[in-house]
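*Asks:* One structure coming up, written as structure tokens, with questions to follow.
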Amino acid sequence: MPESKQRTMRDAVGDLVRDGDTVALEGFTHLIPVAAGHEIIRQRRRDLTLVRMTPDIVFDQMVAAGVARKMIFSFTGNSSVGSLHAIRRAIEHRDPEPLAIEEYSHYGLLARYLAGAANLPFYPLHSYAGSDLPAHNPNIAKVTSPFPGPDGGTEEIYVVPAIHPDVAIVHAQRADASGNTQAWGILGPQQEVAFAAQRTIVVVEEIVEDAVVRSDPNRTIIPGFAVDAVVECPRGAHPSFVQGYYDRDNEFYRSWPSISGDPAALDRWLHEWVYDLPDHAAYLAKLGPDYFRDLTPVPAPSLPVDYGSTL
């Protein structure tokens, strides 16, 4: 019988996320591990370096809560509907504390994950030619290629260093109790960051039987051997969406700038929706049983695949 890695969110974060860690919370556009971020806030972790290709509302909340000392990222904003005022206050005014930043292009940060996952020292890429990012980020360097360029001459190419987060936290649709994780829809760097990290927490909408995972193996993006803990947390990506489970809560995103723009209002929100609640189940109960009615997607199943075999 395979080892069960199923844990509660409280235990997974409590055991695997430590003060001073570099913590990557990944999922691109959807599958954002918001509930995990709230648990990190709830447990009052400090001095974290937070990594995410597209930090949005949950990072604004974590910065406001005093969790982070640094942010490594490739784009930050409130998903095209406003600013992240807590992050802006920390960067621009050191309020309430300074926040160091390290910025890349999307491909640049993905390249750092790829190098980490492959245990390479760095990853080469062309995309910084003409960019001013190298002038602001000393981790974007140039090396001379040992191979001739397209014209047969010597070529210099940009490189970024591998990153090995202490902890990777990703959200997905489902996994078995051993951590074999399946996701579909828009995929981000979940697989790469899981392999690059020292420890990995997977949060899923549901834990399913091993036979369900085995019946559709091509959806498995992270194998169980790369996972340290798997947490069942329905609707744990809200207000982002999970393809096939619930839609994006656009009203929440639109409401956020007015909340984060007022430090007192943001502090009240954090206490009401995070600190004063024991877990994500209480968060959902506070939203109410009908909250997700209009966010429930119309079913659109894919066609079945025949994995027939002579064995």
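Naming scheme: A, B, ... for chains in displayed order of the structure tokens; residues 1 onward per chain; ligands 1 onward as shown.
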Would you give me, as JSON lines, each residue of region 172-265 of chain A having an atom within 9 Å of an atom of region 276-294 of chain A, along with its shortest atom pair and that distance in Å to one decimal, using only C-alpha atoms and sorting by chain and residue number?
*Replies:*
{"residue": "A:Cys233", "atom": "CA", "partner": "A:His280", "partner_atom": "CA", "distance": 7.5}
{"residue": "A:Pro234", "atom": "CA", "partner": "A:Ala281", "partner_atom": "CA", "distance": 8.4}
{"residue": "A:Arg235", "atom": "CA", "partner": "A:Leu284", "partner_atom": "CA", "distance": 8.0}
{"residue": "A:Gly236", "atom": "CA", "partner": "A:His280", "partner_atom": "CA", "distance": 7.1}
{"residue": "A:Tyr246", "atom": "CA", "partner": "A:Phe292", "partner_atom": "CA", "distance": 7.4}
{"residue": "A:Asp247", "atom": "CA", "partner": "A:Asp294", "partner_atom": "CA", "distance": 8.4}
{"residue": "A:Asp249", "atom": "CA", "partner": "A:Phe292", "partner_atom": "CA", "distance": 8.9}
*Asks:* I'd like the contact shell of Phe59 (chain A) - 10 Å cut-off, only C-alpha atoms, skipping same-chain residues fewer than 4 positions apart - returned as a VMD selection string.
*Replies:* chain A and resid 25 34 37 to 38 50 to 52 54 to 55 63 to 65 67 to 68 71 76 to 77 84 86 to 87
*Asks:* Could you list, with a cut-off of 6 Å and counting only C-alpha atoms, the residues of region 218-244 of chain A near region 168-191 of chain A, each shown with its nearest atom pair and the distance in Å rounded to one decimal, rows sorted by chain and ascending number, as CSV?
*Replies:*
residue,atom,partner,partner_atom,distance
A:Arg219,CA,A:Gln182,CA,5.0
A:Thr220,CA,A:Gln182,CA,4.2
A:Ile221,CA,A:Gln182,CA,5.6
A:Ile222,CA,A:Thr181,CA,5.1
A:Pro223,CA,A:Asn180,CA,4.5
A:Gly224,CA,A:Gly179,CA,4.1
A:Val227,CA,A:Gly179,CA,5.7
A:Val230,CA,A:Gly179,CA,5.6
A:Gln243,CA,A:Gly185,CA,5.7
*Asks:* With DSSP run on the backbone, what are the helix (DSSP H, G or I) residues within region 53-254 of chain A? I'd like them as a ChimeraX atom specification.
*Replies:* /A:57-64,85-93,106-118,133-136,190-196,210-215,217-219,224-226,250-254
*Asks:* So how many Å separate CA of Val213 (chain A) and CA of Ala237 (chain A), to one decimal?
*Replies:*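 Distance reported for this atom pair: 21.3 Å.
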*Asks:* Determine, counting only C-alpha atoms, which protein, DNA and RNA residues have an atom within 10 Å of an atom of region 121-137 of chain A; residues of the same chain fewer than 6 positions away are not included. Present the result as a ChimeraX atom specification.
*Replies:* /A:101-105,107-108,110-115,143,145,156-163
*Asks:* Write out as a PyMOL selection string which residues come within 9 Å of Arg10 (chain A) when counting only C-alpha atoms, dropping same-chain ones fewer than 5 positions away.
*Replies:* chain A and resi 15+36+39-40+43+279
*Asks:* Between A:His106, A:Lys70, A:His85, A:His30, which one has atoms that come closest to Met53 (chain A), using only C-alpha atoms?
*Replies:*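 Of A:His106, A:Lys70, A:His85, A:His30, the one nearest Met53 (chain A) is A:His106, counting only C-alpha atoms.
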*Asks:* Enter the distance from CA of Val58 (chain A) to CA of Phe225 (chain A), in Å, rounded to one decimal.
*Replies:*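 Separating CA of Val58 (chain A) from CA of Phe225 (chain A) is a distance of 27.9 Å.
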*Asks:* For Ala197 (chain A), which residue out of A:Val23, A:Leu99, A:Ala12, A:Val242 is the nearest one, using only C-alpha atoms?
*Replies:* A:Val23
*Asks:* Between CA of Ser240 (chain A) and CA of Leu109 (chain A), measure the distance and give it in Å to one decimal.
*Replies:*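 Result for CA of Ser240 (chain A) versus CA of Leu109 (chain A): 21.4 Å, one decimal.
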*Asks:* What residues in region 124-260 of chain A get the DSSP label strand (DSSP E)? Please answer as an NGL selection string.
*Replies:* :A and (124-125 or 141-144 or 156-161 or 167-175 or 181-182 or 199-207 or 220-222 or 229-232)
